[in-house]
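Shown below: entry_3.pdb, with PDB, C-alpha atoms.
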MODEL        1
ATOM      1  CA  MET A 188     150.940 122.805  90.700
ATOM      2  CA  GLU A 189     152.729 120.105  92.684
ATOM      3  CA  ARG A 190     153.018 116.676  91.053
ATOM      4  CA  ARG A 191     150.543 115.027  93.450
ATOM      5  CA  GLU A 192     148.008 117.809  92.915
ATOM      6  CA  PHE A 193     148.419 117.436  89.166
ATOM      7  CA  ILE A 194     147.823 113.686  89.387
ATOM      8  CA  LEU A 195     144.647 114.197  91.389
ATOM      9  CA  ALA A 196     143.285 116.860  89.055
ATOM     10  CA  SER A 197     144.277 115.118  85.848
ATOM     11  CA  SER A 198     142.986 111.702  86.852
ATOM     12  CA  GLY A 199     139.619 113.223  87.730
ATOM     13  CA  TYR A 200     139.543 114.931  84.356
ATOM     14  CA  ALA A 201     140.426 111.637  82.678
ATOM     15  CA  LEU A 202     137.444 109.905  84.276
ATOM     16  CA  SER A 203     135.143 112.802  83.419
ATOM     17  CA  ALA A 204     135.766 111.982  79.748
ATOM     18  CA  LEU A 205     133.413 109.026  80.157
ATOM     19  CA  GLY A 206     130.482 111.441  80.405
ATOM     20  CA  LEU A 207     131.382 113.884  77.639
ATOM     21  CA  PRO A 208     129.751 112.641  74.409
ATOM     22  CA  ASP A 209     126.772 114.403  72.853
ATOM     23  CA  MET A 210     125.398 111.571  70.731
ATOM     24  CA  ASP A 211     123.070 113.830  68.704
ATOM     25  CA  SER A 212     125.716 116.386  67.856
ATOM     26  CA  ILE A 213     126.292 115.351  64.233
ATOM     27  CA  THR A 214     122.606 115.017  63.430
ATOM     28  CA  ARG A 215     121.996 118.457  64.895
ATOM     29  CA  ARG A 216     124.877 120.018  62.971
ATOM     30  CA  THR A 217     123.558 118.782  59.629
ATOM     31  CA  LYS A 218     120.438 120.880  60.288
ATOM     32  CA  THR A 219     122.017 123.996  61.769
ATOM     33  CA  ALA A 220     125.035 124.805  59.588
ATOM     34  CA  LEU A 221     125.357 128.565  59.179
ATOM     35  CA  PRO A 222     124.809 130.166  55.762
ATOM     36  CA  GLY A 223     128.099 130.280  53.923
ATOM     37  CA  ALA A 224     129.560 127.343  55.875
ATOM     38  CA  ILE A 225     132.194 125.343  54.037
ATOM     39  CA  ARG A 226     130.751 122.399  52.140
ATOM     40  CA  VAL A 227     132.549 119.262  53.295
ATOM     41  CA  GLY A 228     132.639 115.935  51.465
ATOM     42  CA  GLN A 229     134.580 112.701  51.385
ATOM     43  CA  GLY A 230     137.568 114.502  49.849
ATOM     44  CA  GLU A 231     138.137 116.379  53.102
ATOM     45  CA  VAL A 232     137.705 113.175  55.096
ATOM     46  CA  ALA A 233     140.330 111.457  52.933
ATOM     47  CA  ALA A 234     142.669 114.414  53.441
ATOM     48  CA  VAL A 235     142.442 114.124  57.227
ATOM     49  CA  ARG A 236     143.097 110.392  57.089
ATOM     50  CA  HIS A 237     146.093 110.925  54.825
ATOM     51  CA  MET A 238     147.586 113.511  57.187
ATOM     52  CA  VAL A 239     147.052 111.259  60.198
ATOM     53  CA  LYS A 240     149.023 108.513  58.467
ATOM     54  CA  ALA A 241     151.820 110.813  57.302
ATOM     55  CA  LEU A 242     152.238 112.559  60.652
ATOM     56  CA  GLY A 243     151.793 109.323  62.573
ATOM     57  CA  ASP A 244     154.486 107.570  60.532
ATOM     58  CA  SER A 245     156.885 110.444  61.236
ATOM     59  CA  ALA A 246     156.143 110.427  64.967
ATOM     60  CA  SER A 247     156.486 106.632  65.198
ATOM     61  CA  GLU A 248     159.921 106.830  63.613
ATOM     62  CA  LEU A 249     161.336 109.977  65.223
ATOM     63  CA  GLY A 250     159.233 110.609  68.338
ATOM     64  CA  GLY A 251     156.270 112.802  69.165
ATOM     65  CA  GLY A 252     158.389 115.912  69.648
ATOM     66  CA  HIS A 253     159.260 116.161  65.950
ATOM     67  CA  ALA A 254     155.931 116.967  64.319
ATOM     68  CA  ARG A 255     153.373 117.835  67.008
ATOM     69  CA  HIS A 256     153.125 121.489  66.025
ATOM     70  CA  LEU A 257     152.428 120.465  62.431
ATOM     71  CA  ALA A 258     149.571 118.246  63.599
ATOM     72  CA  VAL A 259     148.124 120.990  65.815
ATOM     73  CA  ARG A 260     148.381 123.602  63.060
ATOM     74  CA  TYR A 261     146.612 121.320  60.582
ATOM     75  CA  LEU A 262     143.922 120.559  63.152
ATOM     76  CA  THR A 263     143.229 124.181  64.085
ATOM     77  CA  GLN A 264     143.661 125.873  60.712
ATOM     78  CA  ASP A 265     142.311 123.300  58.254
ATOM     79  CA  VAL A 266     140.171 120.734  60.022
ATOM     80  CA  ALA A 267     138.390 122.894  62.624
ATOM     81  CA  PRO A 268     136.498 124.923  59.955
ATOM     82  CA  TRP A 269     135.363 121.662  58.341
ATOM     83  CA  LEU A 270     133.818 120.518  61.624
ATOM     84  CA  GLU A 271     131.663 123.654  61.510
ATOM     85  CA  GLY A 272     130.880 123.131  57.827
ATOM     86  CA  HIS A 273     127.922 121.811  55.889
ATOM     87  CA  PHE A 274     127.890 118.017  55.435
ATOM     88  CA  THR A 275     125.578 115.033  55.270
ATOM     89  CA  GLU A 276     125.176 112.890  58.353
ATOM     90  CA  ALA A 277     127.220 110.054  56.825
ATOM     91  CA  THR A 278     130.054 112.411  55.885
ATOM     92  CA  GLY A 279     129.839 114.061  59.294
ATOM     93  CA  ARG A 280     130.345 110.733  61.058
ATOM     94  CA  ASP A 281     133.326 109.924  58.849
ATOM     95  CA  LEU A 282     134.775 113.407  59.420
ATOM     96  CA  PHE A 283     134.371 113.195  63.199
ATOM     97  CA  ALA A 284     135.977 109.735  63.234
ATOM     98  CA  ALA A 285     138.948 110.881  61.150
ATOM     99  CA  THR A 286     139.344 113.991  63.285
ATOM    100  CA  SER A 287     139.219 111.840  66.412
ATOM    101  CA  GLN A 288     142.302 110.029  65.135
ATOM    102  CA  LEU A 289     144.073 113.321  64.391
ATOM    103  CA  VAL A 290     143.266 114.683  67.859
ATOM    104  CA  HIS A 291     144.383 111.419  69.459
ATOM    105  CA  LEU A 292     147.654 111.640  67.529
ATOM    106  CA  ALA A 293     148.200 115.185  68.814
ATOM    107  CA  GLY A 294     147.630 113.902  72.348
ATOM    108  CA  TRP A 295     150.065 111.038  71.877
ATOM    109  CA  MET A 296     152.654 113.455  70.473
ATOM    110  CA  ALA A 297     152.274 115.779  73.464
ATOM    111  CA  GLN A 298     152.596 112.841  75.864
ATOM    112  CA  ASP A 299     155.688 111.580  74.040
ATOM    113  CA  GLU A 300     157.308 115.005  73.748
ATOM    114  CA  GLY A 301     158.012 115.641  77.406
ATOM    115  CA  ASP A 302     157.116 115.014  81.036
ATOM    116  CA  THR A 303     155.896 118.459  82.070
ATOM    117  CA  PRO A 304     152.552 119.481  83.620
ATOM    118  CA  GLU A 305     151.755 121.510  80.502
ATOM    119  CA  LEU A 306     152.332 118.646  78.079
ATOM    120  CA  ARG A 307     150.578 116.118  80.339
ATOM    121  CA  GLY A 308     147.574 118.427  80.544
ATOM    122  CA  LEU A 309     147.557 118.937  76.782
ATOM    123  CA  ALA A 310     147.662 115.207  76.162
ATOM    124  CA  GLN A 311     144.747 114.550  78.489
ATOM    125  CA  ARG A 312     142.600 117.244  76.923
ATOM    126  CA  TYR A 313     143.335 115.897  73.453
ATOM    127  CA  TYR A 314     142.493 112.332  74.491
ATOM    128  CA  ALA A 315     139.216 113.445  76.099
ATOM    129  CA  HIS A 316     138.293 115.448  72.997
ATOM    130  CA  SER A 317     139.233 112.505  70.782
ATOM    131  CA  PHE A 318     136.887 110.316  72.834
ATOM    132  CA  ARG A 319     134.027 112.787  72.435
ATOM    133  CA  LEU A 320     134.503 113.008  68.663
ATOM    134  CA  ALA A 321     134.713 109.223  68.313
ATOM    135  CA  ALA A 322     131.664 108.591  70.481
ATOM    136  CA  GLU A 323     129.641 111.185  68.576
ATOM    137  CA  ALA A 324     130.721 109.503  65.337
ATOM    138  CA  GLY A 325     129.447 106.201  66.745
ATOM    139  CA  ASP A 326     132.834 104.489  66.483
ATOM    140  CA  PRO A 327     133.433 102.219  69.518
ATOM    141  CA  GLU A 328     136.973 101.291  68.424
ATOM    142  CA  LEU A 329     138.162 104.892  68.280
ATOM    143  CA  SER A 330     136.305 105.619  71.521
ATOM    144  CA  ALA A 331     138.123 102.795  73.277
ATOM    145  CA  THR A 332     141.455 103.877  71.837
ATOM    146  CA  ALA A 333     141.040 107.405  73.198
ATOM    147  CA  LEU A 334     140.203 105.992  76.629
ATOM    148  CA  ARG A 335     143.282 103.811  76.366
ATOM    149  CA  GLY A 336     145.391 106.948  75.958
ATOM    150  CA  LEU A 337     143.954 108.282  79.202
ATOM    151  CA  ALA A 338     144.464 104.927  80.945
ATOM    152  CA  VAL A 339     148.120 104.702  79.910
ATOM    153  CA  GLN A 340     148.735 108.234  81.116
ATOM    154  CA  CYS A 341     147.161 107.428  84.490
ATOM    155  CA  VAL A 342     149.479 104.409  84.714
ATOM    156  CA  ASP A 343     152.486 106.615  83.945
ATOM    157  CA  LEU A 344     151.442 109.146  86.587
ATOM    158  CA  GLY A 345     150.854 106.476  89.207
ATOM    159  CA  TYR A 346     147.092 106.939  89.526
ATOM    160  CA  ARG A 347     146.369 103.256  89.537
ATOM    161  CA  ALA A 348     142.673 102.961  90.431
ATOM    162  CA  GLU A 349     141.690 105.396  87.676
ATOM    163  CA  ALA A 350     143.884 103.514  85.206
ATOM    164  CA  VAL A 351     142.066 100.272  86.019
ATOM    165  CA  GLN A 352     138.665 101.933  85.672
ATOM    166  CA  LEU A 353     139.569 103.421  82.291
ATOM    167  CA  GLY A 354     141.063 100.084  81.212
ATOM    168  CA  GLU A 355     137.789  98.373  82.086
ATOM    169  CA  ALA A 356     135.930 100.936  79.964
ATOM    170  CA  CYS A 357     138.273 100.139  77.036
ATOM    171  CA  VAL A 358     137.484  96.443  77.355
ATOM    172  CA  GLU A 359     133.750  97.162  77.524
ATOM    173  CA  TYR A 360     133.913  99.074  74.229
ATOM    174  CA  GLY A 361     136.008  96.241  72.780
ATOM    175  CA  HIS A 362     133.175  93.781  73.396
ATOM    176  CA  GLN A 363     131.277  95.555  70.614
ATOM    177  CA  LEU A 364     133.982  94.831  68.043
ATOM    178  CA  ASP A 365     134.736  91.974  65.687
ATOM    179  CA  ASN A 366     138.411  92.919  65.533
ATOM    180  CA  PRO A 367     140.823  90.619  67.414
ATOM    181  CA  ARG A 368     143.698  93.114  67.334
ATOM    182  CA  ALA A 369     141.561  95.803  68.899
ATOM    183  CA  VAL A 370     140.355  93.381  71.569
ATOM    184  CA  ALA A 371     143.969  92.387  72.299
ATOM    185  CA  TYR A 372     144.902  96.080  72.512
ATOM    186  CA  TYR A 373     142.297  96.878  75.146
ATOM    187  CA  GLU A 374     142.690  93.659  77.134
ATOM    188  CA  ALA A 375     146.436  94.326  77.374
ATOM    189  CA  THR A 376     145.680  97.877  78.508
ATOM    190  CA  LEU A 377     143.644  96.556  81.420
ATOM    191  CA  ALA A 378     146.279  93.903  82.179
ATOM    192  CA  ASN A 379     148.949  96.615  82.339
ATOM    193  CA  ALA A 380     146.845  98.817  84.615
ATOM    194  CA  ALA A 381     146.088  95.859  86.895
ATOM    195  CA  ALA A 382     149.772  94.882  87.060
ATOM    196  CA  GLN A 383     150.678  98.433  88.073
ATOM    197  CA  ASP A 384     147.936  98.166  90.716
ATOM    198  CA  ASP A 385     149.565  94.955  92.025
ATOM    199  CA  ASP A 386     146.446  92.966  91.146
ATOM    200  CA  ARG A 387     148.114  89.823  89.843
ATOM    201  CA  ARG A 388     144.874  87.914  89.362
ATOM    202  CA  MET A 389     143.289  90.566  87.154
ATOM    203  CA  ALA A 390     146.521  91.221  85.271
ATOM    204  CA  THR A 391     147.045  87.530  84.516
ATOM    205  CA  LYS A 392     143.438  87.046  83.422
ATOM    206  CA  HIS A 393     143.406  89.935  80.962
ATOM    207  CA  LEU A 394     146.903  89.208  79.687
ATOM    208  CA  ALA A 395     145.684  85.718  78.771
ATOM    209  CA  LEU A 396     142.619  87.190  77.064
ATOM    210  CA  SER A 397     144.817  89.551  75.070
ATOM    211  CA  GLU A 398     147.063  86.646  74.029
ATOM    212  CA  THR A 399     144.047  84.678  72.805
ATOM    213  CA  ALA A 400     142.825  87.659  70.797
ATOM    214  CA  ILE A 401     146.177  88.541  69.203
ATOM    215  CA  GLY A 402     146.519  84.949  68.021
ATOM    216  CA  LYS A 403     143.282  85.062  66.019
ATOM    217  CA  PRO A 404     143.323  85.818  62.285
ATOM    218  CA  THR A 405     142.343  89.358  61.386
ATOM    219  CA  ALA A 406     140.535  90.857  58.452
ATOM    220  CA  ALA A 407     142.323  93.329  56.199
ATOM    221  CA  ALA A 408     144.110  95.942  58.309
ATOM    222  CA  GLY A 409     142.226  99.191  58.711
ATOM    223  CA  ASP A 410     143.539 102.660  59.364
ATOM    224  CA  SER A 411     142.611 102.916  63.031
ATOM    225  CA  TRP A 412     145.082 103.108  65.901
ATOM    226  CA  ALA A 413     144.140  99.628  67.106
ATOM    227  CA  ALA A 414     144.613  98.142  63.629
ATOM    228  CA  HIS A 415     148.346  98.783  64.031
ATOM    229  CA  TYR A 416     148.542  96.779  67.267
ATOM    230  CA  SER A 417     150.729  94.090  65.764
ATOM    231  CA  PRO A 418     151.880  90.842  67.388
ATOM    232  CA  GLY A 419     155.228  92.577  67.868
ATOM    233  CA  ARG A 420     153.702  95.453  69.808
ATOM    234  CA  TRP A 421     151.677  92.956  71.821
ATOM    235  CA  ALA A 422     154.835  90.967  72.614
ATOM    236  CA  HIS A 423     156.562  94.130  73.865
ATOM    237  CA  GLU A 424     153.664  95.230  76.047
ATOM    238  CA  SER A 425     153.166  91.707  77.386
ATOM    239  CA  GLY A 426     156.859  91.436  78.173
ATOM    240  CA  MET A 427     156.718  94.527  80.319
ATOM    241  CA  ILE A 428     153.579  93.330  82.101
ATOM    242  CA  LEU A 429     155.318  90.032  82.861
ATOM    243  CA  SER A 430     158.353  91.952  84.091
ATOM    244  CA  ARG A 431     156.121  93.911  86.454
ATOM    245  CA  LEU A 432     154.671  90.598  87.690
ATOM    246  CA  GLY A 433     158.188  89.293  88.375
ATOM    247  CA  ASP A 434     158.385  86.669  85.605
ATOM    248  CA  LEU A 435     161.666  87.880  84.113
ATOM    249  CA  ASP A 436     162.350  84.800  81.980
ATOM    250  CA  ALA A 437     158.977  85.108  80.251
ATOM    251  CA  ALA A 438     159.481  88.866  79.948
ATOM    252  CA  GLU A 439     162.814  88.364  78.172
ATOM    253  CA  GLU A 440     161.271  85.776  75.869
ATOM    254  CA  HIS A 441     158.473  88.167  74.861
ATOM    255  CA  LEU A 442     160.862  91.065  74.267
ATOM    256  CA  HIS A 443     163.055  88.831  72.085
ATOM    257  CA  LEU A 444     159.903  87.831  70.211
ATOM    258  CA  ALA A 445     159.087  91.486  69.605
ATOM    259  CA  LEU A 446     162.573  92.272  68.300
ATOM    260  CA  ASP A 447     163.697  89.155  66.471
ATOM    261  CA  ILE A 448     160.492  87.642  65.117
ATOM    262  CA  HIS A 449     158.299  90.649  64.439
ATOM    263  CA  GLY A 450     161.040  93.192  63.763
ATOM    264  CA  LEU A 451     159.404  96.411  65.007
ATOM    265  CA  ASP A 452     161.077  98.474  62.307
ATOM    266  CA  ARG A 453     160.234 101.933  63.705
ATOM    267  CA  ARG A 454     163.379 103.346  65.281
ATOM    268  CA  ARG A 455     161.586 104.889  68.264
ATOM    269  CA  THR A 456     159.744 101.655  69.042
ATOM    270  CA  ARG A 457     162.794  99.479  68.571
ATOM    271  CA  ALA A 458     164.884 101.748  70.814
ATOM    272  CA  ILE A 459     162.329 101.518  73.633
ATOM    273  CA  VAL A 460     162.089  97.717  73.380
ATOM    274  CA  LEU A 461     165.889  97.405  73.445
ATOM    275  CA  ALA A 462     166.090  99.612  76.544
ATOM    276  CA  ASP A 463     163.419  97.516  78.243
ATOM    277  CA  LEU A 464     165.225  94.293  77.326
ATOM    278  CA  ALA A 465     168.500  95.636  78.746
ATOM    279  CA  GLY A 466     166.725  96.441  82.011
ATOM    280  CA  VAL A 467     165.252  92.945  82.244
ATOM    281  CA  ARG A 468     168.640  91.358  81.560
ATOM    282  CA  LEU A 469     170.265  93.472  84.242
ATOM    283  CA  ARG A 470     167.630  92.367  86.762
ATOM    284  CA  GLN A 471     168.424  88.760  85.820
ATOM    285  CA  GLY A 472     172.103  89.359  86.612
ATOM    286  CA  ASP A 473     173.178  89.212  82.952
ATOM    287  CA  VAL A 474     175.403  92.300  82.973
ATOM    288  CA  ASP A 475     177.178  91.488  79.710
ATOM    289  CA  GLY A 476     173.852  90.897  77.951
ATOM    290  CA  ALA A 477     172.473  94.166  79.307
ATOM    291  CA  MET A 478     175.474  96.135  78.078
ATOM    292  CA  ALA A 479     175.322  94.537  74.635
ATOM    293  CA  THR A 480     171.628  95.434  74.396
ATOM    294  CA  TRP A 481     172.288  98.991  75.553
ATOM    295  CA  ARG A 482     174.812  99.328  72.705
ATOM    296  CA  ASP A 483     172.059  98.449  70.238
ATOM    297  CA  PHE A 484     169.694 100.834  72.032
ATOM    298  CA  LEU A 485     172.126 103.734  71.591
ATOM    299  CA  ASP A 486     172.412 102.954  67.883
ATOM    300  CA  CYS A 487     168.632 103.460  67.574
ATOM    301  CA  ALA A 488     168.145 106.346  70.009
ATOM    302  CA  ASP A 489     170.152 109.162  68.426
ATOM    303  CA  GLY A 490     167.944 111.953  67.070
ATOM    304  CA  ILE A 491     164.671 110.634  68.508
ATOM    305  CA  ARG A 492     162.614 113.232  70.379
ATOM    306  CA  SER A 493     160.669 111.062  72.778
ATOM    307  CA  VAL A 494     160.292 111.357  76.539
ATOM    308  CA  LYS A 495     160.382 107.561  76.791
ATOM    309  CA  VAL A 496     163.702 107.370  74.975
ATOM    310  CA  GLN A 497     165.134 110.189  77.085
ATOM    311  CA  ALA A 498     163.932 108.452  80.255
ATOM    312  CA  ALA A 499     165.560 105.216  79.084
ATOM    313  CA  LEU A 500     168.841 107.062  78.466
ATOM    314  CA  GLN A 501     168.759 108.520  81.964
ATOM    315  CA  ASP A 502     167.873 105.160  83.497
ATOM    316  CA  MET A 503     170.780 103.537  81.668
ATOM    317  CA  ARG A 504     173.262 106.188  82.797
ATOM    318  CA  VAL A 505     172.199 105.835  86.436
ATOM    319  CA  ARG A 506     172.375 102.032  86.413
ATOM    320  CA  LEU A 507     175.803 102.063  84.767
ATOM    321  CA  ARG A 508     177.182 103.983  87.770
ATOM    322  CA  TRP A 509     177.135 100.668  89.597
ATOM    323  CA  TYR A 510     179.920  99.547  87.225
ATOM    324  CA  ASN A 511     182.280 102.540  87.287
ATOM    325  CA  GLY A 512     185.315 100.284  87.206
ATOM    326  CA  VAL A 513     184.175  98.530  84.017
ATOM    327  CA  PRO A 514     185.554 100.175  80.839
ATOM    328  CA  GLU A 515     182.543  99.140  78.733
ATOM    329  CA  ALA A 516     180.170 100.816  81.208
ATOM    330  CA  GLN A 517     182.135 104.057  81.019
ATOM    331  CA  GLU A 518     182.111 103.897  77.219
ATOM    332  CA  LEU A 519     178.332 103.443  77.187
ATOM    333  CA  ARG A 520     177.814 106.395  79.552
ATOM    334  CA  GLU A 521     179.973 108.606  77.344
ATOM    335  CA  ARG A 522     178.067 107.526  74.249
ATOM    336  CA  ALA A 523     174.756 108.175  75.990
ATOM    337  CA  ALA A 524     175.845 111.737  76.826
ATOM    338  CA  ARG A 525     176.363 112.403  73.110
ATOM    339  CA  VAL A 526     172.950 111.129  72.005
ATOM    340  CA  THR A 527     170.745 113.972  70.768
ATOM    341  CA  GLY A 528     166.987 114.101  70.814
TER     342      GLY A 528
ENDMDL
END

Would you mind writing the structure in this file as structure tokens?
Amino acid sequence: MERREFILASSGYALSALGLPDMDSITRRTKTALPGAIRVGQGEVAAVRHMVKALGDSASELGGGHARHLAVRYLTQDVAPWLEGHFTEATGRDLFAATSQLVHLAGWMAQDEGDTPELRGLAQRYYAHSFRLAAEAGDPELSATALRGLAVQCVDLGYRAEAVQLGEACVEYGHQLDNPRAVAYYEATLANAAAQDDDRRMATKHLALSETAIGKPTAAAGDSWAAHYSPGRWAHESGMILSRLGDLDAAEEHLHLALDIHGLDRRRTRAIVLADLAGVRLRQGDVDGAMATWRDFLDCADGIRSVKVQAALQDMRVRLRWYNGVPEAQELRERAARVTG
């Protein structure tokens, strides 16, 4: 399938996710479990949540390509039989919500592993399935997070109108929540989609709304995807939105905030922010600053299996060709060629 054909097909599939949920599924399953079905309780729910955290921590540090097959194997061999098991309605909702997070993680891993039609298609199917599970569990935060995965992928593929529509759906789900971090997460998603769509008014409006939300105090952190949307992650995403809008000084300030104030201690995340900061500095004409930041980026990037990190490496190598006569640029290109992932 050609890239344009894939974008058309995949974006349509992404939007079709909005109509997937069967809201009575869990209630019906509690009444129709087959004789001999596995009895499922809160112990199994806790196990799924524990595995999501363990696998998610590994992927955040080393990239989605490191542990995706472990996540898929656990999902298909252990968790799938539980979904067909015998459980109470309350346990069923908890199980579907926890499984939604596991499926979403598998989608994120596939998206982060590589930029191929097969992996893009896998990621979209996982995100759509995660949305269905979350909606059936009655969890608007997990539902919005799954739609965010689809929106971000549409942004990456260049299907801008669909990204905006999915971003708007995220924000609509967020209106049901009393969780400022989640609201900031979804408002920033829509701001990013609008910026990619060259809609400055919408992007600026929702970026401001996300800033207001991220500045509010939060209750104790939960275990959902949105609960981990820290001020540092917000500062990084906002910096890149501002860069897209042409405000490079504000973009640099936000990226510094992400790195120096909030830390962002995951190697994969820190590497991506450093690469983005180097790009912003280069656009500002600060060649020395860009090269210094690229040195730090290379220190973080080695061994990370992430399509975003690999794309940043390639982008750096191409841009450094402009400075073939500069010894530091040649050194950076040679170092980049030795980075493994």

Residues selected by the PyMOL selection byres ((chain A and resi 298) around 10), written as a ChimeraX atom specification: /A:251-252,292-297,299-303,305-311,336,340,493-495

Of the listed residues A:Leu469, A:Ala477, A:Ala246, A:Leu334, that which approaches Ala356 of chain A most closely, counting all atoms listed in the file: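 The answer is A:Leu334, which sits nearest to Ala356 of chain A.
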
Counting all atoms listed in the file, give me one row per residue of segment 292-398 of chain A with an atom at most 7 Å from an atom of segment 414-435 of chain A, showing the shortest contact pair and its distance in Å to one decimal, sorted by chain then residue number, as a Markdown table.
| residue | atom | partner | partner_atom | distance |
| --- | --- | --- | --- | --- |
| A:Arg368 | CA | A:Tyr416 | CA | 6.1 |
| A:Ala369 | CA | A:Ala414 | CA | 6.5 |
| A:Tyr372 | CA | A:Tyr416 | CA | 6.4 |
| A:Asn379 | CA | A:Ile428 | CA | 5.7 |
| A:Ala382 | CA | A:Ile428 | CA | 6.4 |
| A:Arg387 | CA | A:Leu432 | CA | 6.9 |

Explicit residue set for the PyMOL selection byres ((chain A and resi 371) around 7), as a count of residues only: 12

Atom-to-atom span, atom CA of Ala321 of chain A and atom CA of Gly230 of chain A, Å: 19.4 Å
